[in-house]
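See below for start-v5.txt, which holds compact mmCIF, C-alpha atoms.
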```
# COMPACT_ATOMS: atom_id res chain seq x y z
CA MET A 1 86.94 66.50 117.76
CA ARG A 2 89.34 67.69 115.06
CA ARG A 3 90.18 71.35 115.30
CA VAL A 4 90.63 73.42 112.17
CA ILE A 5 91.78 76.91 111.36
CA GLY A 6 88.78 79.24 111.38
CA ARG A 7 87.72 81.60 108.62
CA ARG A 8 88.90 84.64 110.53
CA ALA A 9 92.46 83.34 110.82
CA MET A 10 92.40 82.34 107.14
CA PHE A 11 91.25 85.85 106.24
CA PHE A 12 94.25 87.30 108.06
CA TRP A 13 96.64 84.80 106.44
CA VAL A 14 95.33 85.72 102.99
CA SER A 15 95.45 89.49 103.66
CA ALA A 16 99.03 89.22 104.93
CA LEU A 17 99.99 87.16 101.88
CA VAL A 18 98.52 89.83 99.62
CA CYS A 19 101.00 92.29 101.18
CA VAL A 20 103.86 89.89 100.47
CA VAL A 21 102.70 89.47 96.87
CA MET A 22 102.71 93.27 96.53
CA PHE A 23 106.37 93.46 97.51
CA PRO A 24 107.93 92.99 94.02
CA VAL A 25 105.75 95.69 92.47
CA MET A 26 106.15 98.21 95.27
CA PRO A 27 108.32 101.26 94.65
CA PRO A 28 111.62 100.53 96.45
CA GLU A 29 111.21 103.35 98.95
CA PHE A 30 107.88 101.89 100.13
CA ARG A 31 108.67 98.18 100.29
CA TRP A 32 109.13 98.42 104.02
CA VAL A 33 105.44 99.38 104.25
CA ALA A 34 104.46 96.07 102.64
CA TRP A 35 106.73 94.17 105.02
CA VAL A 36 105.50 95.93 108.15
CA THR A 37 101.86 95.49 107.11
CA ALA A 38 102.44 91.82 106.30
CA GLY A 39 104.22 91.42 109.64
CA ILE A 40 101.24 92.76 111.55
CA GLY A 41 98.92 90.53 109.54
CA PHE A 42 101.01 87.41 110.10
CA PHE A 43 101.26 88.19 113.81
CA TRP A 44 97.49 88.17 114.21
CA ALA A 45 97.07 85.25 111.81
CA ILE A 46 99.39 83.16 113.96
CA LEU A 47 97.63 84.13 117.21
CA LEU A 48 94.19 83.48 115.73
CA THR A 49 95.38 80.14 114.37
CA ILE A 50 96.72 79.15 117.77
CA GLU A 51 93.40 80.17 119.31
CA ASP A 52 91.49 78.08 116.78
CA LEU A 53 93.66 75.01 117.18
CA PHE A 54 94.37 75.05 120.89
CA GLY A 55 91.97 77.54 122.46
CA PRO A 56 89.14 76.48 124.75
CA GLY A 57 86.34 77.52 122.37
CA ALA A 58 87.72 75.93 119.22
CA GLN A 59 85.28 73.94 117.11
CA ALA A 60 85.51 71.74 114.06
CA GLY A 61 84.98 73.64 110.82
CA PRO A 62 81.69 73.11 109.00
CA TRP A 63 83.47 71.95 105.87
CA LYS A 64 85.54 69.36 107.66
CA HIS A 65 84.11 65.91 108.26
CA ASP A 66 85.26 64.31 111.44
CA PRO A 67 85.39 60.55 110.81
CA GLY A 68 85.14 59.91 114.54
CA ARG A 69 81.67 61.44 114.78
CA SER A 70 78.48 59.87 113.53
CA PRO A 71 76.41 62.10 111.23
CA SER A 72 73.53 63.87 112.99
CA MET B 1 98.45 133.82 81.13
CA VAL B 2 95.19 134.10 83.05
CA THR B 3 92.20 133.60 80.77
CA VAL B 4 88.48 133.19 81.29
CA GLY B 5 88.88 129.52 80.39
CA LEU B 6 91.53 129.06 83.09
CA VAL B 7 89.32 130.67 85.71
CA LEU B 8 86.35 128.50 84.65
CA VAL B 9 88.33 125.26 84.82
CA ILE B 10 89.73 126.22 88.22
CA ALA B 11 86.14 126.80 89.31
CA VAL B 12 85.22 123.32 88.02
CA ALA B 13 88.18 121.86 89.95
CA LEU B 14 86.98 123.53 93.11
CA GLY B 15 83.51 122.24 92.31
CA PHE B 16 84.96 118.73 92.18
CA ASP B 17 86.56 119.36 95.55
CA PHE B 18 83.17 120.41 96.84
CA PHE B 19 81.65 117.17 95.51
CA ASN B 20 84.49 115.30 97.16
CA GLY B 21 83.49 116.82 100.45
CA PHE B 22 79.86 116.03 99.74
CA HIS B 23 80.63 112.47 98.69
CA ASP B 24 83.73 111.36 100.59
CA ALA B 25 83.80 113.40 103.74
CA ALA B 26 80.72 111.65 105.11
CA ASN B 27 83.24 108.91 105.96
CA SER B 28 84.52 111.18 108.71
CA ILE B 29 81.17 111.37 110.40
CA ALA B 30 79.65 107.96 109.72
CA THR B 31 81.10 106.38 112.84
CA VAL B 32 80.34 109.27 115.23
CA VAL B 33 76.78 109.41 113.92
CA SER B 34 76.17 105.66 114.04
CA THR B 35 77.46 105.50 117.62
CA ARG B 36 75.38 108.61 118.45
CA VAL B 37 78.33 110.58 119.75
CA LEU B 38 77.23 113.56 117.68
CA THR B 39 74.07 114.47 115.83
CA PRO B 40 74.49 114.49 112.04
CA ARG B 41 74.37 118.28 111.94
CA LEU B 42 77.08 118.75 114.59
CA ALA B 43 79.13 115.96 113.08
CA VAL B 44 79.33 117.65 109.66
CA VAL B 45 80.36 120.96 111.27
CA TRP B 46 83.02 119.12 113.28
CA ALA B 47 84.36 117.32 110.22
CA ALA B 48 84.24 120.42 108.00
CA PHE B 49 86.24 122.45 110.49
CA PHE B 50 89.03 119.91 110.64
CA ASN B 51 88.94 119.42 106.85
CA PHE B 52 89.72 123.12 106.58
CA VAL B 53 92.44 123.50 109.21
CA ALA B 54 94.40 120.54 107.80
CA PHE B 55 96.14 123.01 105.50
CA ALA B 56 98.06 124.40 108.47
CA ILE B 57 99.45 121.00 109.48
CA PHE B 58 100.38 119.04 106.38
CA GLY B 59 102.55 119.95 103.42
CA THR B 60 101.66 119.68 99.75
CA LYS B 61 103.45 116.49 98.71
CA VAL B 62 100.27 114.83 97.50
CA ALA B 63 99.52 117.88 95.36
CA SER B 64 102.98 117.65 93.82
CA THR B 65 102.43 113.98 93.00
CA ILE B 66 99.16 114.78 91.26
CA ALA B 67 100.59 117.77 89.37
CA LYS B 68 103.84 116.22 88.25
CA GLY B 69 103.89 112.50 89.05
CA VAL B 70 100.89 110.90 87.33
CA VAL B 71 100.60 112.48 83.88
CA GLN B 72 103.36 114.18 81.91
CA PRO B 73 102.99 117.83 82.99
CA GLU B 74 103.21 119.15 79.44
CA VAL B 75 100.02 117.24 78.56
CA PHE B 76 97.97 119.24 81.02
CA THR B 77 95.94 121.78 79.08
CA LEU B 78 92.66 123.42 79.95
CA SER B 79 90.71 120.92 77.86
CA VAL B 80 92.51 117.88 79.35
CA VAL B 81 91.92 118.99 82.91
CA PHE B 82 88.33 119.95 82.16
CA ALA B 83 87.58 116.58 80.58
CA GLY B 84 89.31 114.80 83.46
CA LEU B 85 87.24 116.67 86.00
CA ILE B 86 84.04 115.94 84.09
CA GLY B 87 84.92 112.23 84.13
CA ALA B 88 85.52 112.28 87.86
CA ILE B 89 82.45 114.35 88.69
CA VAL B 90 80.10 112.26 86.55
CA TRP B 91 81.43 109.07 88.16
CA ASP B 92 81.04 110.56 91.62
CA VAL B 93 77.43 111.55 90.89
CA ILE B 94 76.61 108.06 89.60
CA THR B 95 78.03 106.33 92.66
CA TRP B 96 76.49 108.92 94.99
CA TYR B 97 73.09 108.20 93.49
CA PHE B 98 73.49 104.48 94.18
CA GLY B 99 74.85 105.14 97.67
CA LEU B 100 78.21 103.49 97.00
CA PRO B 101 81.19 104.87 98.93
CA THR B 102 83.69 104.94 96.07
CA SER B 103 86.86 106.94 95.93
CA SER B 104 86.69 110.48 94.56
CA SER B 105 90.48 110.44 94.60
CA HIS B 106 90.71 107.50 92.24
CA ALA B 107 87.94 108.96 90.13
CA LEU B 108 90.07 112.09 89.72
CA ILE B 109 93.18 110.10 88.86
CA GLY B 110 91.22 107.92 86.44
CA GLY B 111 89.66 111.00 84.89
CA MET B 112 93.00 112.77 84.40
CA GLY B 113 94.47 109.61 82.94
CA GLY B 114 91.58 109.12 80.53
CA ALA B 115 91.69 112.67 79.24
CA ALA B 116 95.49 112.60 78.92
CA VAL B 117 95.39 109.36 76.93
CA ALA B 118 92.66 110.77 74.68
CA LYS B 119 94.92 113.74 73.90
CA ALA B 120 98.39 112.25 73.77
CA GLY B 121 98.19 108.47 73.94
CA TRP B 122 99.36 106.01 76.60
CA GLY B 123 102.83 107.50 76.69
CA SER B 124 101.42 110.53 78.48
CA LEU B 125 100.98 108.48 81.65
CA ILE B 126 103.83 108.23 84.17
CA ALA B 127 104.08 104.52 84.93
CA ASP B 128 105.86 104.92 88.27
CA GLY B 129 103.22 107.33 89.51
CA PHE B 130 100.36 105.01 88.60
CA ARG B 131 102.26 102.08 90.07
CA LYS B 132 102.60 103.86 93.41
CA ILE B 133 98.91 104.73 93.41
CA ALA B 134 97.87 101.24 92.31
CA VAL B 135 99.77 99.44 95.06
CA PHE B 136 98.31 101.69 97.68
CA ILE B 137 94.81 101.09 96.33
CA VAL B 138 95.36 97.56 97.62
CA LEU B 139 97.50 98.37 100.64
CA SER B 140 95.65 101.29 102.23
CA PRO B 141 92.50 99.32 103.16
CA ILE B 142 94.65 96.43 104.40
CA ILE B 143 96.72 98.81 106.50
CA GLY B 144 93.49 100.31 107.88
CA LEU B 145 92.15 96.81 108.54
CA PHE B 146 95.20 95.54 110.42
CA LEU B 147 95.63 98.77 112.39
CA GLY B 148 91.93 98.90 113.30
CA PHE B 149 91.96 95.29 114.46
CA SER B 150 95.21 95.76 116.39
CA LEU B 151 94.09 98.94 118.08
CA LEU B 152 90.79 97.51 119.23
CA MET B 153 92.43 94.33 120.46
CA ILE B 154 94.92 96.38 122.47
CA VAL B 155 92.14 98.53 123.94
CA LEU B 156 90.03 95.49 124.83
CA TRP B 157 93.02 93.81 126.44
CA VAL B 158 93.93 96.91 128.46
CA PHE B 159 90.39 97.39 129.74
CA HIS B 160 89.19 93.81 130.00
CA ARG B 161 89.11 93.89 133.80
CA TYR B 162 87.36 97.24 134.00
CA HIS B 163 83.77 96.74 135.12
CA LYS B 164 82.31 100.25 134.96
CA VAL B 165 81.07 99.86 131.41
CA GLU B 166 79.01 103.05 131.28
CA LYS B 167 81.93 105.16 132.45
CA LEU B 168 84.16 103.43 129.92
CA ASN B 169 81.69 104.11 127.12
CA ARG B 170 81.50 107.78 128.08
CA GLY B 171 85.26 107.98 127.94
CA PHE B 172 85.38 106.37 124.51
CA ARG B 173 82.66 108.67 123.24
CA ARG B 174 84.86 111.65 124.12
CA MET B 175 87.85 109.98 122.51
CA GLN B 176 85.77 109.42 119.41
CA LEU B 177 85.49 113.17 119.01
CA ALA B 178 89.28 113.31 118.86
CA SER B 179 89.53 110.37 116.48
CA ALA B 180 86.86 111.84 114.18
CA ALA B 181 88.78 115.12 114.20
CA ALA B 182 92.00 113.28 113.35
CA PHE B 183 90.33 111.46 110.49
CA SER B 184 88.88 114.69 109.12
CA LEU B 185 92.36 116.23 109.28
CA GLY B 186 93.72 113.28 107.30
CA HIS B 187 90.88 113.51 104.82
CA GLY B 188 91.36 117.22 104.31
CA ALA B 189 95.10 116.78 103.94
CA ASN B 190 94.79 113.98 101.40
CA ASP B 191 91.78 114.91 99.31
CA ALA B 192 92.05 118.69 99.16
CA GLN B 193 95.63 118.27 97.95
CA LYS B 194 94.49 116.35 94.90
CA THR B 195 92.50 119.31 93.69
CA MET B 196 95.42 121.55 94.56
CA GLY B 197 97.59 119.35 92.37
CA VAL B 198 95.18 119.68 89.47
CA ILE B 199 95.04 123.47 89.83
CA LEU B 200 98.83 123.65 90.11
CA ALA B 201 99.12 121.63 86.89
CA LEU B 202 96.72 124.05 85.23
CA LEU B 203 98.70 127.08 86.41
CA ILE B 204 101.95 125.54 85.20
CA GLY B 205 100.38 124.64 81.85
CA ALA B 206 99.04 128.19 81.44
CA ARG B 207 102.47 129.58 82.42
CA VAL B 208 100.97 131.52 85.29
CA VAL B 209 103.57 129.93 87.61
CA PRO B 210 106.92 128.30 86.77
CA PRO B 211 107.17 124.47 86.64
CA THR B 212 109.19 124.41 89.85
CA SER B 213 106.56 126.35 91.74
CA ASN B 214 104.98 125.14 94.98
CA VAL B 215 101.24 125.35 95.49
CA PRO B 216 100.22 129.02 95.92
CA LEU B 217 98.54 129.86 99.22
CA TRP B 218 95.28 130.95 97.60
CA VAL B 219 95.02 127.52 95.97
CA VAL B 220 95.62 125.82 99.34
CA LEU B 221 92.98 127.87 101.11
CA SER B 222 90.37 127.65 98.37
CA ALA B 223 90.75 123.86 98.02
CA HIS B 224 90.37 123.31 101.75
CA ALA B 225 87.43 125.69 101.90
CA ALA B 226 85.71 123.88 99.02
CA ILE B 227 86.03 120.46 100.62
CA ALA B 228 84.85 121.80 103.97
CA LEU B 229 81.77 123.36 102.34
CA GLY B 230 81.06 120.08 100.59
CA THR B 231 81.21 118.29 103.91
CA LEU B 232 78.80 120.79 105.40
CA SER B 233 76.35 120.08 102.59
CA GLY B 234 75.89 116.54 103.86
CA GLY B 235 76.23 113.04 102.48
CA TRP B 236 73.77 111.19 104.68
CA ARG B 237 73.06 108.58 102.06
CA ILE B 238 76.60 107.30 102.22
CA VAL B 239 76.84 107.79 105.99
CA HIS B 240 74.18 105.14 106.46
CA THR B 241 76.14 102.60 104.42
CA MET B 242 79.46 103.24 106.07
CA GLY B 243 78.30 103.55 109.65
CA SER B 244 75.83 100.79 110.15
CA LYS B 245 75.52 98.56 107.15
CA ILE B 246 79.07 97.23 107.10
CA THR B 247 79.23 96.36 110.78
CA LYS B 248 77.65 97.53 114.01
CA LEU B 249 79.82 100.02 115.85
CA GLN B 250 80.20 100.90 119.52
CA PRO B 251 82.13 104.01 120.64
CA VAL B 252 85.26 101.98 121.36
CA SER B 253 85.24 100.35 117.93
CA GLY B 254 84.33 103.63 116.20
CA MET B 255 87.24 105.31 117.92
CA SER B 256 89.60 102.48 116.97
CA ALA B 257 88.50 102.50 113.33
CA GLU B 258 88.91 106.26 112.94
CA THR B 259 92.25 106.35 114.70
CA ALA B 260 93.58 103.53 112.51
CA ALA B 261 92.38 105.28 109.38
CA ALA B 262 93.76 108.64 110.55
CA VAL B 263 97.21 107.14 111.19
CA THR B 264 97.19 105.64 107.69
CA LEU B 265 96.17 108.95 106.12
CA PHE B 266 98.75 110.94 108.09
CA PHE B 267 101.48 108.59 106.88
CA THR B 268 100.41 108.63 103.23
CA ALA B 269 99.96 112.41 103.20
CA SER B 270 103.45 112.86 104.64
CA LYS B 271 104.88 110.64 101.88
CA GLY B 272 102.94 112.27 99.04
CA ILE B 273 100.86 109.17 98.25
CA PRO B 274 97.33 109.89 97.06
CA VAL B 275 95.08 107.29 98.67
CA SER B 276 91.38 106.89 99.11
CA THR B 277 89.97 107.93 102.47
CA THR B 278 86.94 105.77 101.64
CA HIS B 279 89.06 102.66 101.19
CA THR B 280 91.03 103.36 104.31
CA ILE B 281 88.11 103.90 106.68
CA THR B 282 86.22 100.95 105.18
CA GLY B 283 89.21 98.70 105.80
CA ALA B 284 89.47 99.97 109.35
CA ILE B 285 85.76 99.40 110.01
CA VAL B 286 86.05 95.85 108.64
CA GLY B 287 89.10 95.36 110.87
CA VAL B 288 87.25 96.32 114.05
CA GLY B 289 84.30 94.20 112.95
CA THR B 290 86.47 91.09 112.72
CA THR B 291 87.49 91.41 116.37
CA GLN B 292 84.11 89.88 117.11
CA ARG B 293 84.01 87.29 114.37
CA LEU B 294 84.24 87.25 110.60
CA SER B 295 80.46 87.01 110.29
CA ALA B 296 80.11 90.32 112.21
CA VAL B 297 81.04 92.03 108.95
CA ARG B 298 78.19 92.29 106.47
CA TRP B 299 80.16 90.98 103.54
CA GLY B 300 77.39 91.63 101.03
CA VAL B 301 77.72 95.36 101.59
CA ALA B 302 81.50 95.19 101.76
CA GLY B 303 81.41 93.28 98.47
CA LYS B 304 79.42 96.06 96.76
CA VAL B 305 82.04 98.47 98.01
CA VAL B 306 84.83 96.35 96.50
CA TRP B 307 83.07 96.29 93.13
CA ALA B 308 82.75 100.07 93.22
CA TRP B 309 86.48 100.32 93.89
CA VAL B 310 87.37 98.05 90.97
CA LEU B 311 85.21 100.03 88.57
CA THR B 312 86.16 103.55 89.66
CA ILE B 313 89.41 104.19 87.79
CA PRO B 314 88.25 102.49 84.57
CA GLY B 315 84.83 104.13 84.81
CA ALA B 316 86.14 107.65 85.35
CA PHE B 317 88.86 106.99 82.74
CA ALA B 318 86.25 106.06 80.14
CA VAL B 319 83.98 109.04 80.87
CA ALA B 320 86.91 111.47 80.74
CA TRP B 321 88.22 109.93 77.53
CA ALA B 322 84.80 110.42 75.95
CA ALA B 323 84.54 113.95 77.39
CA TYR B 324 87.82 114.92 75.72
CA LEU B 325 86.81 113.71 72.24
CA PRO B 326 84.83 116.87 71.30
CA PHE B 327 87.92 118.95 72.08
CA LYS B 328 89.98 116.69 69.85
CA LEU B 329 87.45 116.81 67.03
CA PHE B 330 87.11 120.57 67.05
CA ALA B 331 90.76 121.44 67.85
```
Taking this structure as input, can you express it in the form of structure tokens?
Amino acid sequence: MRRVIGRRAMFFWVSALVCVVMFPVMPPEFRWVAWVTAGIGFFWAILLTIEDLFGPGAQAGPWKHDPGRSPS
Amino acid sequence: MVTVGLVLVIAVALGFDFFNGFHDAANSIATVVSTRVLTPRLAVVWAAFFNFVAFAIFGTKVASTIAKGVVQPEVFTLSVVFAGLIGAIVWDVITWYFGLPTSSSHALIGGMGGAAVAKAGWGSLIADGFRKIAVFIVLSPIIGLFLGFSLLMIVLWVFHRYHKVEKLNRGFRRMQLASAAAFSLGHGANDAQKTMGVILALLIGARVVPPTSNVPLWVVLSAHAAIALGTLSGGWRIVHTMGSKITKLQPVSGMSAETAAAVTLFFTASKGIPVSTTHTITGAIVGVGTTQRLSAVRWGVAGKVVWAWVLTIPGAFAVAWAAYLPFKLFA
């Protein structure tokens, strides 16, 4: 069964990326806040991704078709 | 010079602060009520007390930002501030009626901006000030989200081998009292200071105090008292949305959400950044909800909240702009 990144991990990736996107418009004295926040987000995004891809409870995503399985 | 008009507008500003307590401060108690740590009546007393004593702990940097960092100080006149407050109050009443936890803080900023633009055009706005506020509109809920998620994950990891669940829950219920108190401190520090900033701007504009003045003590005490009284007056309608409709909360997750939000508010208050306590606690509650799974968060409700956020500054801006027009016509 193909394993895919779950919605929760994707949510964390997107939220962390939003912090990175904010960096250019942040006032210079607060840019470190965007970096630290993004860092925390990426940390959890990576762990959740690893859990989805390699963890014991990982499942194929509903939007992904696994060519090895016959349709139910 | 102190005039009747000045006193009336200060009274309206304190009235806005009261509405802020009525509208926003329910955030402090939503989690303790939904997890049944406190009854609603005790919870509002608890939150109101810590709203008030926040004045003794935090400085007035947020007030200074509001008074001098968002709109050119010379634009602040009685009529501008009055129209700005009307814009914010009307917006707050509308969203209160529909049970949407929007930001009174951003309503105030939008209202001040709208009235200032109506009087003196777009040049009256301080771009850097709005930029700082705008980026933290986006960042503060994300910070609350990541901190809430992180805190709960750490707690669950630390206690995952502990089998006496009832004893653990009792412990977290007690800790939730502390976290609710911390959040109310942060709320009082952040939101009461915005009204202080408006009153300071009024006093500077009326030449009652010099432009370099700090916030007078009577302004500090009256603003904190107003928000505490507003909290005491309730906000149950919004409590229900925040506490139970976004995600189901247990004492451990309620404690984690409030602590995460409190940390965010303490940081922003110390740096003079006006943020929304509503945004921050909502982000933190979503964060603890996603520790279960993404579908644990009721995204329909969270979506309505996001729409309310997007509309708040423009909505309050428009109402305040319209509220200022009679002053302009009859000036």
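Between atom CA of B:Thr312 and atom CA of B:Val117 the separation is 16.8 Å.
Using only C-alpha atoms, the nearest neighbour of B:Lys271 within the list A:Leu47, A:Val21, A:Val33, A:Ala16 is A:Val33.
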Using all atoms listed in the file and a distance of at most 8 Å, pull out the residues of chain B that contact chain A, as a PDB file with C-alpha atoms, in the coordinates of the input.
```
ATOM      1  CA  ASP B 128     105.860 104.920  88.270  1.00  0.00           C
ATOM      2  CA  ARG B 131     102.260 102.080  90.070  1.00  0.00           C
ATOM      3  CA  LYS B 132     102.600 103.860  93.410  1.00  0.00           C
ATOM      4  CA  VAL B 135      99.770  99.440  95.060  1.00  0.00           C
ATOM      5  CA  LEU B 139      97.500  98.370 100.640  1.00  0.00           C
ATOM      6  CA  ILE B 142      94.650  96.430 104.400  1.00  0.00           C
ATOM      7  CA  ILE B 143      96.720  98.810 106.500  1.00  0.00           C
ATOM      8  CA  PHE B 146      95.200  95.540 110.420  1.00  0.00           C
ATOM      9  CA  THR B 290      86.470  91.090 112.720  1.00  0.00           C
ATOM     10  CA  ARG B 293      84.010  87.290 114.370  1.00  0.00           C
ATOM     11  CA  LEU B 294      84.240  87.250 110.600  1.00  0.00           C
TER      12      LEU B 294
END
```
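Minimum atom-to-atom distances from A:Leu17, A:Trp35, A:Pro28, A:Thr49 to A:Arg3 were compared using all atoms listed in the file, and the lowest value belongs to A:Thr49.
Each of B:Thr259, B:Gln250, B:Thr195, B:Thr77 was checked against B:Val12 using all atoms listed in the file; the smallest atom-to-atom distance is that of B:Thr195.
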>> Show me, as an MDAnalysis selection string, the residues that have an atom within 12 Å of B:Ile204 when counting all atoms listed in the file, minus same-chain residues fewer than 4 positions from it.
In response: chainID B and resid 1:2 6 64 67:68 72:78 197:200 208:216
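When atom CA of B:Tyr162 is paired with atom CA of B:Ser179, their separation reads 22.0 Å.
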>> Between B:Lys167, B:Thr231, B:Ala107, B:Ala192, which residue has the minimum interatomic distance to B:Arg41, considering all atoms listed in the file?
In response: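 For B:Arg41, the nearest of the candidates is B:Thr231.
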> What's the 12 Å shell around B:Phe266, counting only C-alpha atoms, without same-chain residues fewer than 6 positions away, as a PyMOL selection string?
Replying inline: chain B and resi 54+57-59+61-62+140+144+182-191+258-260+272-275+277+280
> Near B:Ser79, counting only C-alpha atoms, which residues have an atom at most 12 Å away, once you skip same-chain residues fewer than 4 positions from it, shown as a PyMOL selection string?
Replying inline: chain B and resi 5-6+8-10+12+75+83-86+112+115-116+118-119+202+205-206+320-321+323-328+330-331
>> As an exercise, work out the distance from atom CA of B:Trp96 to atom CA of B:Ala226 in Å and give it to one decimal place.
In response: 18.0 Å
>> Taking (90.8, 75.2, 114.5) in the coordinates of the supplied file, I want to know which residues reach to within 6 Å of it, counting all atoms listed in the file; could you give the answer as a list in words?
In response: Arg3, Val4, Ile5, Gly6, Asp52, Leu53 and Ala58 of chain A
>> Taking 5 positions as the minimum chain separation for residues in the same chain, which residues sit within 6 Å of B:Gly87 when counting only C-alpha atoms? Answer as number ranges by chain.
In response: B: 111, 316, 319-320
Once you have the residues from the selection above, write them out as a short mmCIF file (atom, residue, chain, number, x, y, z; two decimals), in the coordinates of the input, restricted to C-alpha atoms.
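And here's result34.cif as it stands now:
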```cif
data_model
loop_
_atom_site.label_atom_id
_atom_site.label_comp_id
_atom_site.auth_asym_id
_atom_site.auth_seq_id
_atom_site.Cartn_x
_atom_site.Cartn_y
_atom_site.Cartn_z
CA GLY B 111 89.66 111.00 84.89
CA ALA B 316 86.14 107.65 85.35
CA VAL B 319 83.98 109.04 80.87
CA ALA B 320 86.91 111.47 80.74
#
```
> So which one's closest to B:Ala11, B:Ser222, B:Phe98, B:Trp46, B:Val252? Using all atoms listed in the file, please.
Replying inline: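 Under the stated criterion, the closest residue is B:Ser222.
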